[in-house]
$ cat target.pdb   # PDB, C-alpha atoms
ATOM      1  CA  MET A   1      28.298   3.770  58.548  1.00  0.00           C
ATOM      2  CA  ARG A   2      24.746   4.102  57.366  1.00  0.00           C
ATOM      3  CA  LEU A   3      21.667   5.225  59.304  1.00  0.00           C
ATOM      4  CA  GLU A   4      18.125   3.999  58.751  1.00  0.00           C
ATOM      5  CA  TYR A   5      15.301   5.563  60.759  1.00  0.00           C
ATOM      6  CA  ASP A   6      11.714   4.350  61.093  1.00  0.00           C
ATOM      7  CA  PRO A   7       9.639   7.301  62.344  1.00  0.00           C
ATOM      8  CA  ARG A   8       6.532   5.155  62.982  1.00  0.00           C
ATOM      9  CA  GLY A   9       8.442   2.835  65.320  1.00  0.00           C
ATOM     10  CA  ASP A  10      10.889   5.568  66.396  1.00  0.00           C
ATOM     11  CA  ILE A  11      13.746   3.143  65.768  1.00  0.00           C
ATOM     12  CA  ALA A  12      17.192   4.053  64.462  1.00  0.00           C
ATOM     13  CA  TYR A  13      19.500   1.426  63.001  1.00  0.00           C
ATOM     14  CA  ILE A  14      23.140   2.125  62.237  1.00  0.00           C
ATOM     15  CA  TYR A  15      25.027  -0.264  59.986  1.00  0.00           C
ATOM     16  CA  VAL A  16      28.716  -0.360  60.900  1.00  0.00           C
ATOM     17  CA  SER A  17      29.903  -0.560  57.290  1.00  0.00           C
ATOM     18  CA  PRO A  18      28.395  -0.968  53.823  1.00  0.00           C
ATOM     19  CA  ALA A  19      29.600  -4.571  53.857  1.00  0.00           C
ATOM     20  CA  THR A  20      27.469  -5.357  56.931  1.00  0.00           C
ATOM     21  CA  ALA A  21      24.251  -4.140  55.273  1.00  0.00           C
ATOM     22  CA  ASN A  22      23.888  -7.553  53.602  1.00  0.00           C
ATOM     23  CA  THR A  23      25.194  -9.637  56.510  1.00  0.00           C
ATOM     24  CA  ILE A  24      22.760 -12.007  58.174  1.00  0.00           C
ATOM     25  CA  VAL A  25      22.345 -11.293  61.883  1.00  0.00           C
ATOM     26  CA  ASP A  26      23.112 -14.337  64.032  1.00  0.00           C
ATOM     27  CA  HIS A  27      21.943 -12.790  67.305  1.00  0.00           C
ATOM     28  CA  THR A  28      21.222  -9.504  69.048  1.00  0.00           C
ATOM     29  CA  GLU A  29      22.893  -8.555  72.302  1.00  0.00           C
ATOM     30  CA  ARG A  30      20.699  -6.446  74.556  1.00  0.00           C
ATOM     31  CA  VAL A  31      22.619  -3.486  75.901  1.00  0.00           C
ATOM     32  CA  GLY A  32      21.586  -1.639  79.042  1.00  0.00           C
ATOM     33  CA  SER A  33      20.893  -2.164  82.673  1.00  0.00           C
ATOM     34  CA  ASP A  34      17.098  -1.905  82.758  1.00  0.00           C
ATOM     35  CA  ASP A  35      14.588  -4.551  81.781  1.00  0.00           C
ATOM     36  CA  GLU A  36      13.179  -2.482  78.920  1.00  0.00           C
ATOM     37  CA  TYR A  37      14.854  -3.160  75.575  1.00  0.00           C
ATOM     38  CA  LYS A  38      16.239   0.160  74.355  1.00  0.00           C
ATOM     39  CA  ARG A  39      19.469  -0.714  72.530  1.00  0.00           C
ATOM     40  CA  GLY A  40      20.849  -3.731  70.784  1.00  0.00           C
ATOM     41  CA  ILE A  41      23.986  -4.824  69.019  1.00  0.00           C
ATOM     42  CA  ASP A  42      23.397  -7.123  66.059  1.00  0.00           C
ATOM     43  CA  VAL A  43      26.191  -9.654  65.607  1.00  0.00           C
ATOM     44  CA  GLY A  44      26.907 -11.789  62.541  1.00  0.00           C
ATOM     45  CA  SER A  45      27.735 -15.498  62.637  1.00  0.00           C
ATOM     46  CA  ASP A  46      31.449 -14.665  62.382  1.00  0.00           C
ATOM     47  CA  GLY A  47      31.239 -12.541  65.561  1.00  0.00           C
ATOM     48  CA  THR A  48      31.541  -9.154  63.855  1.00  0.00           C
ATOM     49  CA  ILE A  49      29.174  -6.334  64.735  1.00  0.00           C
ATOM     50  CA  VAL A  50      26.648  -5.805  61.952  1.00  0.00           C
ATOM     51  CA  GLY A  51      24.915  -2.769  63.434  1.00  0.00           C
ATOM     52  CA  TYR A  52      23.283  -0.998  66.346  1.00  0.00           C
ATOM     53  CA  GLU A  53      19.565  -0.656  67.026  1.00  0.00           C
ATOM     54  CA  PHE A  54      18.117   2.171  69.145  1.00  0.00           C
ATOM     55  CA  MET A  55      14.522   2.263  70.378  1.00  0.00           C
ATOM     56  CA  ASN A  56      12.846   5.628  71.103  1.00  0.00           C
ATOM     57  CA  ALA A  57      15.498   7.243  68.922  1.00  0.00           C
ATOM     58  CA  SER A  58      13.817  10.649  68.832  1.00  0.00           C
ATOM     59  CA  HIS A  59      14.651  10.970  72.539  1.00  0.00           C
ATOM     60  CA  GLY A  60      18.360  10.669  71.700  1.00  0.00           C
ATOM     61  CA  LEU A  61      20.867   7.881  71.170  1.00  0.00           C
ATOM     62  CA  ASN A  62      22.684   6.622  74.235  1.00  0.00           C
ATOM     63  CA  LEU A  63      26.156   5.524  73.110  1.00  0.00           C
ATOM     64  CA  GLU A  64      27.503   4.849  76.599  1.00  0.00           C
ATOM     65  CA  GLY A  65      29.484   1.621  76.786  1.00  0.00           C
ATOM     66  CA  LEU A  66      29.072   0.695  73.114  1.00  0.00           C
ATOM     67  CA  PRO A  67      31.873  -0.582  70.905  1.00  0.00           C
ATOM     68  CA  HIS A  68      32.530   1.933  68.097  1.00  0.00           C
ATOM     69  CA  ARG A  69      31.258   4.663  70.476  1.00  0.00           C
ATOM     70  CA  ASP A  70      33.596   7.356  69.133  1.00  0.00           C
ATOM     71  CA  GLU A  71      32.904   6.466  65.517  1.00  0.00           C
ATOM     72  CA  LEU A  72      29.157   6.449  66.198  1.00  0.00           C
ATOM     73  CA  ALA A  73      29.357   9.893  67.850  1.00  0.00           C
ATOM     74  CA  THR A  74      31.321  11.316  64.909  1.00  0.00           C
ATOM     75  CA  PHE A  75      28.860   9.796  62.448  1.00  0.00           C
ATOM     76  CA  MET A  76      25.829  11.098  64.361  1.00  0.00           C
ATOM     77  CA  ALA A  77      27.344  14.600  64.435  1.00  0.00           C
ATOM     78  CA  GLN A  78      27.061  14.517  60.630  1.00  0.00           C
ATOM     79  CA  VAL A  79      23.448  13.317  60.630  1.00  0.00           C
ATOM     80  CA  SER A  80      20.722  15.794  61.490  1.00  0.00           C
ATOM     81  CA  GLY A  81      17.525  15.029  63.341  1.00  0.00           C
ATOM     82  CA  LEU A  82      18.745  12.688  66.083  1.00  0.00           C
ATOM     83  CA  ARG A  83      20.849  13.683  69.047  1.00  0.00           C
ATOM     84  CA  VAL A  84      23.500  11.769  70.971  1.00  0.00           C
ATOM     85  CA  LEU A  85      22.860  11.400  74.708  1.00  0.00           C
ATOM     86  CA  SER A  86      26.255  10.111  75.753  1.00  0.00           C
ATOM     87  CA  SER A  87      29.543   9.612  73.985  1.00  0.00           C
ATOM     88  CA  ALA A  88      31.873   9.871  76.972  1.00  0.00           C
ATOM     89  CA  SER A  89      34.416   7.095  77.439  1.00  0.00           C
TER      90      SER A  89
END
$ encode --input "target.pdb" --output "structure tokens"
Amino acid sequence: MRLEYDPRGDIAYIYVSPATANTIVDHTERVGSDDEYKRGIDVGSDGTIVGYEFMNASHGLNLEGLPHRDELATFMAQVSGLRVLSSAS
């Protein structure tokens, strides 16, 4: 996994694997129950997950209900500066 963070937009993007860093995103699935876009899952044309996008990342990353949730939580524990809001199954 690889993290990119844009402090001006307060957006964190996590690539699932180095191979997905060059994959073209076919579509983004909005994740969450409210109308405001806060999280997204980018999916390639072959249906594999390319990465995860988190808005307002400085407030914490909500991993609830995401595929790769456990791997994301482990990865984020190794990265300083951003906190995980939820990693419970």
$ resolve_selection --input "target.pdb" --expression "the PyMOL selection byres ((chain A and resi 2-14) around 12)" --output "PyMOL selection string"
chain A and resi 1+15-21+37-42+49-63+68-69+71-73+75-76+78-84
$ write_last_selection --input "target.pdb" --atoms "C-alpha atoms" --output "PDB file, keeping the file's coordinate frame"
ATOM      1  CA  MET A   1      28.298   3.770  58.548  1.00  0.00           C
ATOM      2  CA  TYR A  15      25.027  -0.264  59.986  1.00  0.00           C
ATOM      3  CA  VAL A  16      28.716  -0.360  60.900  1.00  0.00           C
ATOM      4  CA  SER A  17      29.903  -0.560  57.290  1.00  0.00           C
ATOM      5  CA  PRO A  18      28.395  -0.968  53.823  1.00  0.00           C
ATOM      6  CA  ALA A  19      29.600  -4.571  53.857  1.00  0.00           C
ATOM      7  CA  THR A  20      27.469  -5.357  56.931  1.00  0.00           C
ATOM      8  CA  ALA A  21      24.251  -4.140  55.273  1.00  0.00           C
ATOM      9  CA  TYR A  37      14.854  -3.160  75.575  1.00  0.00           C
ATOM     10  CA  LYS A  38      16.239   0.160  74.355  1.00  0.00           C
ATOM     11  CA  ARG A  39      19.469  -0.714  72.530  1.00  0.00           C
ATOM     12  CA  GLY A  40      20.849  -3.731  70.784  1.00  0.00           C
ATOM     13  CA  ILE A  41      23.986  -4.824  69.019  1.00  0.00           C
ATOM     14  CA  ASP A  42      23.397  -7.123  66.059  1.00  0.00           C
ATOM     15  CA  ILE A  49      29.174  -6.334  64.735  1.00  0.00           C
ATOM     16  CA  VAL A  50      26.648  -5.805  61.952  1.00  0.00           C
ATOM     17  CA  GLY A  51      24.915  -2.769  63.434  1.00  0.00           C
ATOM     18  CA  TYR A  52      23.283  -0.998  66.346  1.00  0.00           C
ATOM     19  CA  GLU A  53      19.565  -0.656  67.026  1.00  0.00           C
ATOM     20  CA  PHE A  54      18.117   2.171  69.145  1.00  0.00           C
ATOM     21  CA  MET A  55      14.522   2.263  70.378  1.00  0.00           C
ATOM     22  CA  ASN A  56      12.846   5.628  71.103  1.00  0.00           C
ATOM     23  CA  ALA A  57      15.498   7.243  68.922  1.00  0.00           C
ATOM     24  CA  SER A  58      13.817  10.649  68.832  1.00  0.00           C
ATOM     25  CA  HIS A  59      14.651  10.970  72.539  1.00  0.00           C
ATOM     26  CA  GLY A  60      18.360  10.669  71.700  1.00  0.00           C
ATOM     27  CA  LEU A  61      20.867   7.881  71.170  1.00  0.00           C
ATOM     28  CA  ASN A  62      22.684   6.622  74.235  1.00  0.00           C
ATOM     29  CA  LEU A  63      26.156   5.524  73.110  1.00  0.00           C
ATOM     30  CA  HIS A  68      32.530   1.933  68.097  1.00  0.00           C
ATOM     31  CA  ARG A  69      31.258   4.663  70.476  1.00  0.00           C
ATOM     32  CA  GLU A  71      32.904   6.466  65.517  1.00  0.00           C
ATOM     33  CA  LEU A  72      29.157   6.449  66.198  1.00  0.00           C
ATOM     34  CA  ALA A  73      29.357   9.893  67.850  1.00  0.00           C
ATOM     35  CA  PHE A  75      28.860   9.796  62.448  1.00  0.00           C
ATOM     36  CA  MET A  76      25.829  11.098  64.361  1.00  0.00           C
ATOM     37  CA  GLN A  78      27.061  14.517  60.630  1.00  0.00           C
ATOM     38  CA  VAL A  79      23.448  13.317  60.630  1.00  0.00           C
ATOM     39  CA  SER A  80      20.722  15.794  61.490  1.00  0.00           C
ATOM     40  CA  GLY A  81      17.525  15.029  63.341  1.00  0.00           C
ATOM     41  CA  LEU A  82      18.745  12.688  66.083  1.00  0.00           C
ATOM     42  CA  ARG A  83      20.849  13.683  69.047  1.00  0.00           C
ATOM     43  CA  VAL A  84      23.500  11.769  70.971  1.00  0.00           C
TER      44      VAL A  84
END
$ residues_around --input "target.pdb" --residues "Val43 (chain A)" --least-positions-apart "3" --cutoff "7 Å" --atoms "only C-alpha atoms" --output "PyMOL selection string"
chain A and resi 25-28+47-50
$ closest_residue --input "target.pdb" --among "A:Leu85, A:Thr74, A:Ile24, A:Val31" --to "Ser45 (chain A)" --atoms "all atoms listed in the file"
A:Ile24
$ axis_aligned_box --input "target.pdb" --around "region 58-72 of chain A" --padding-each-side "5 Å" --output "lines of an AutoDock Vina configuration file"
center_x = 23.7
center_y = 5.2
center_z = 71.2
size_x = 29.8
size_y = 21.6
size_z = 21.3
$ build_atoms --input "target.pdb" --residues "region 1-31 of chain A" --atoms "N, CA and C atoms" --output "PDB file, keeping the file's coordinate frame"
ATOM      1  N   MET A   1      29.507   3.994  57.773  1.00  0.00           N
ATOM      2  CA  MET A   1      28.298   3.770  58.548  1.00  0.00           C
ATOM      3  C   MET A   1      27.103   4.295  57.760  1.00  0.00           C
ATOM      4  N   ARG A   2      25.971   3.686  58.024  1.00  0.00           N
ATOM      5  CA  ARG A   2      24.746   4.102  57.366  1.00  0.00           C
ATOM      6  C   ARG A   2      23.609   4.069  58.383  1.00  0.00           C
ATOM      7  N   LEU A   3      22.790   5.110  58.381  1.00  0.00           N
ATOM      8  CA  LEU A   3      21.667   5.225  59.304  1.00  0.00           C
ATOM      9  C   LEU A   3      20.363   4.966  58.580  1.00  0.00           C
ATOM     10  N   GLU A   4      19.507   4.160  59.199  1.00  0.00           N
ATOM     11  CA  GLU A   4      18.125   3.999  58.751  1.00  0.00           C
ATOM     12  C   GLU A   4      17.253   4.372  59.939  1.00  0.00           C
ATOM     13  N   TYR A   5      16.193   5.134  59.678  1.00  0.00           N
ATOM     14  CA  TYR A   5      15.301   5.563  60.759  1.00  0.00           C
ATOM     15  C   TYR A   5      13.865   5.282  60.374  1.00  0.00           C
ATOM     16  N   ASP A   6      13.132   4.633  61.280  1.00  0.00           N
ATOM     17  CA  ASP A   6      11.714   4.350  61.093  1.00  0.00           C
ATOM     18  C   ASP A   6      10.939   5.281  62.017  1.00  0.00           C
ATOM     19  N   PRO A   7      10.338   6.353  61.486  1.00  0.00           N
ATOM     20  CA  PRO A   7       9.639   7.301  62.344  1.00  0.00           C
ATOM     21  C   PRO A   7       8.390   6.715  63.003  1.00  0.00           C
ATOM     22  N   ARG A   8       7.730   5.751  62.364  1.00  0.00           N
ATOM     23  CA  ARG A   8       6.532   5.155  62.982  1.00  0.00           C
ATOM     24  C   ARG A   8       6.896   4.352  64.221  1.00  0.00           C
ATOM     25  N   GLY A   9       7.998   3.619  64.169  1.00  0.00           N
ATOM     26  CA  GLY A   9       8.442   2.835  65.320  1.00  0.00           C
ATOM     27  C   GLY A   9       9.415   3.592  66.199  1.00  0.00           C
ATOM     28  N   ASP A  10       9.882   4.755  65.717  1.00  0.00           N
ATOM     29  CA  ASP A  10      10.889   5.568  66.396  1.00  0.00           C
ATOM     30  C   ASP A  10      12.142   4.734  66.690  1.00  0.00           C
ATOM     31  N   ILE A  11      12.594   4.028  65.649  1.00  0.00           N
ATOM     32  CA  ILE A  11      13.746   3.143  65.768  1.00  0.00           C
ATOM     33  C   ILE A  11      14.828   3.596  64.794  1.00  0.00           C
ATOM     34  N   ALA A  12      16.035   3.731  65.307  1.00  0.00           N
ATOM     35  CA  ALA A  12      17.192   4.053  64.462  1.00  0.00           C
ATOM     36  C   ALA A  12      18.068   2.807  64.383  1.00  0.00           C
ATOM     37  N   TYR A  13      18.583   2.543  63.193  1.00  0.00           N
ATOM     38  CA  TYR A  13      19.500   1.426  63.001  1.00  0.00           C
ATOM     39  C   TYR A  13      20.725   1.962  62.286  1.00  0.00           C
ATOM     40  N   ILE A  14      21.885   1.681  62.842  1.00  0.00           N
ATOM     41  CA  ILE A  14      23.140   2.125  62.237  1.00  0.00           C
ATOM     42  C   ILE A  14      23.937   0.900  61.821  1.00  0.00           C
ATOM     43  N   TYR A  15      24.162   0.785  60.510  1.00  0.00           N
ATOM     44  CA  TYR A  15      25.027  -0.264  59.986  1.00  0.00           C
ATOM     45  C   TYR A  15      26.468   0.190  60.182  1.00  0.00           C
ATOM     46  N   VAL A  16      27.324  -0.703  60.634  1.00  0.00           N
ATOM     47  CA  VAL A  16      28.716  -0.360  60.900  1.00  0.00           C
ATOM     48  C   VAL A  16      29.471  -0.040  59.620  1.00  0.00           C
ATOM     49  N   SER A  17      29.234  -0.811  58.564  1.00  0.00           N
ATOM     50  CA  SER A  17      29.903  -0.560  57.290  1.00  0.00           C
ATOM     51  C   SER A  17      28.985  -0.995  56.160  1.00  0.00           C
ATOM     52  N   PRO A  18      29.232  -0.523  54.946  1.00  0.00           N
ATOM     53  CA  PRO A  18      28.395  -0.968  53.823  1.00  0.00           C
ATOM     54  C   PRO A  18      28.398  -2.487  53.666  1.00  0.00           C
ATOM     55  N   ALA A  19      29.506  -3.109  53.989  1.00  0.00           N
ATOM     56  CA  ALA A  19      29.600  -4.571  53.857  1.00  0.00           C
ATOM     57  C   ALA A  19      28.637  -5.283  54.801  1.00  0.00           C
ATOM     58  N   THR A  20      28.347  -4.694  55.960  1.00  0.00           N
ATOM     59  CA  THR A  20      27.469  -5.357  56.931  1.00  0.00           C
ATOM     60  C   THR A  20      25.995  -5.221  56.579  1.00  0.00           C
ATOM     61  N   ALA A  21      25.656  -4.342  55.633  1.00  0.00           N
ATOM     62  CA  ALA A  21      24.251  -4.140  55.273  1.00  0.00           C
ATOM     63  C   ALA A  21      23.616  -5.414  54.722  1.00  0.00           C
ATOM     64  N   ASN A  22      24.415  -6.303  54.151  1.00  0.00           N
ATOM     65  CA  ASN A  22      23.888  -7.553  53.602  1.00  0.00           C
ATOM     66  C   ASN A  22      24.228  -8.767  54.460  1.00  0.00           C
ATOM     67  N   THR A  23      24.805  -8.545  55.616  1.00  0.00           N
ATOM     68  CA  THR A  23      25.194  -9.637  56.510  1.00  0.00           C
ATOM     69  C   THR A  23      23.980 -10.130  57.290  1.00  0.00           C
ATOM     70  N   ILE A  24      23.848 -11.417  57.401  1.00  0.00           N
ATOM     71  CA  ILE A  24      22.760 -12.007  58.174  1.00  0.00           C
ATOM     72  C   ILE A  24      23.105 -11.915  59.660  1.00  0.00           C
ATOM     73  N   VAL A  25      22.153 -11.428  60.438  1.00  0.00           N
ATOM     74  CA  VAL A  25      22.345 -11.293  61.883  1.00  0.00           C
ATOM     75  C   VAL A  25      22.161 -12.656  62.532  1.00  0.00           C
ATOM     76  N   ASP A  26      23.165 -13.069  63.305  1.00  0.00           N
ATOM     77  CA  ASP A  26      23.112 -14.337  64.032  1.00  0.00           C
ATOM     78  C   ASP A  26      22.348 -14.167  65.343  1.00  0.00           C
ATOM     79  N   HIS A  27      22.634 -13.064  66.050  1.00  0.00           N
ATOM     80  CA  HIS A  27      21.943 -12.790  67.305  1.00  0.00           C
ATOM     81  C   HIS A  27      22.068 -11.309  67.653  1.00  0.00           C
ATOM     82  N   THR A  28      21.212 -10.877  68.567  1.00  0.00           N
ATOM     83  CA  THR A  28      21.222  -9.504  69.048  1.00  0.00           C
ATOM     84  C   THR A  28      21.549  -9.506  70.529  1.00  0.00           C
ATOM     85  N   GLU A  29      22.532  -8.704  70.894  1.00  0.00           N
ATOM     86  CA  GLU A  29      22.893  -8.555  72.302  1.00  0.00           C
ATOM     87  C   GLU A  29      22.163  -7.339  72.855  1.00  0.00           C
ATOM     88  N   ARG A  30      21.379  -7.559  73.885  1.00  0.00           N
ATOM     89  CA  ARG A  30      20.699  -6.446  74.556  1.00  0.00           C
ATOM     90  C   ARG A  30      21.737  -5.652  75.339  1.00  0.00           C
ATOM     91  N   VAL A  31      21.660  -4.348  75.219  1.00  0.00           N
ATOM     92  CA  VAL A  31      22.619  -3.486  75.901  1.00  0.00           C
ATOM     93  C   VAL A  31      21.857  -2.559  76.829  1.00  0.00           C
TER      94      VAL A  31
END
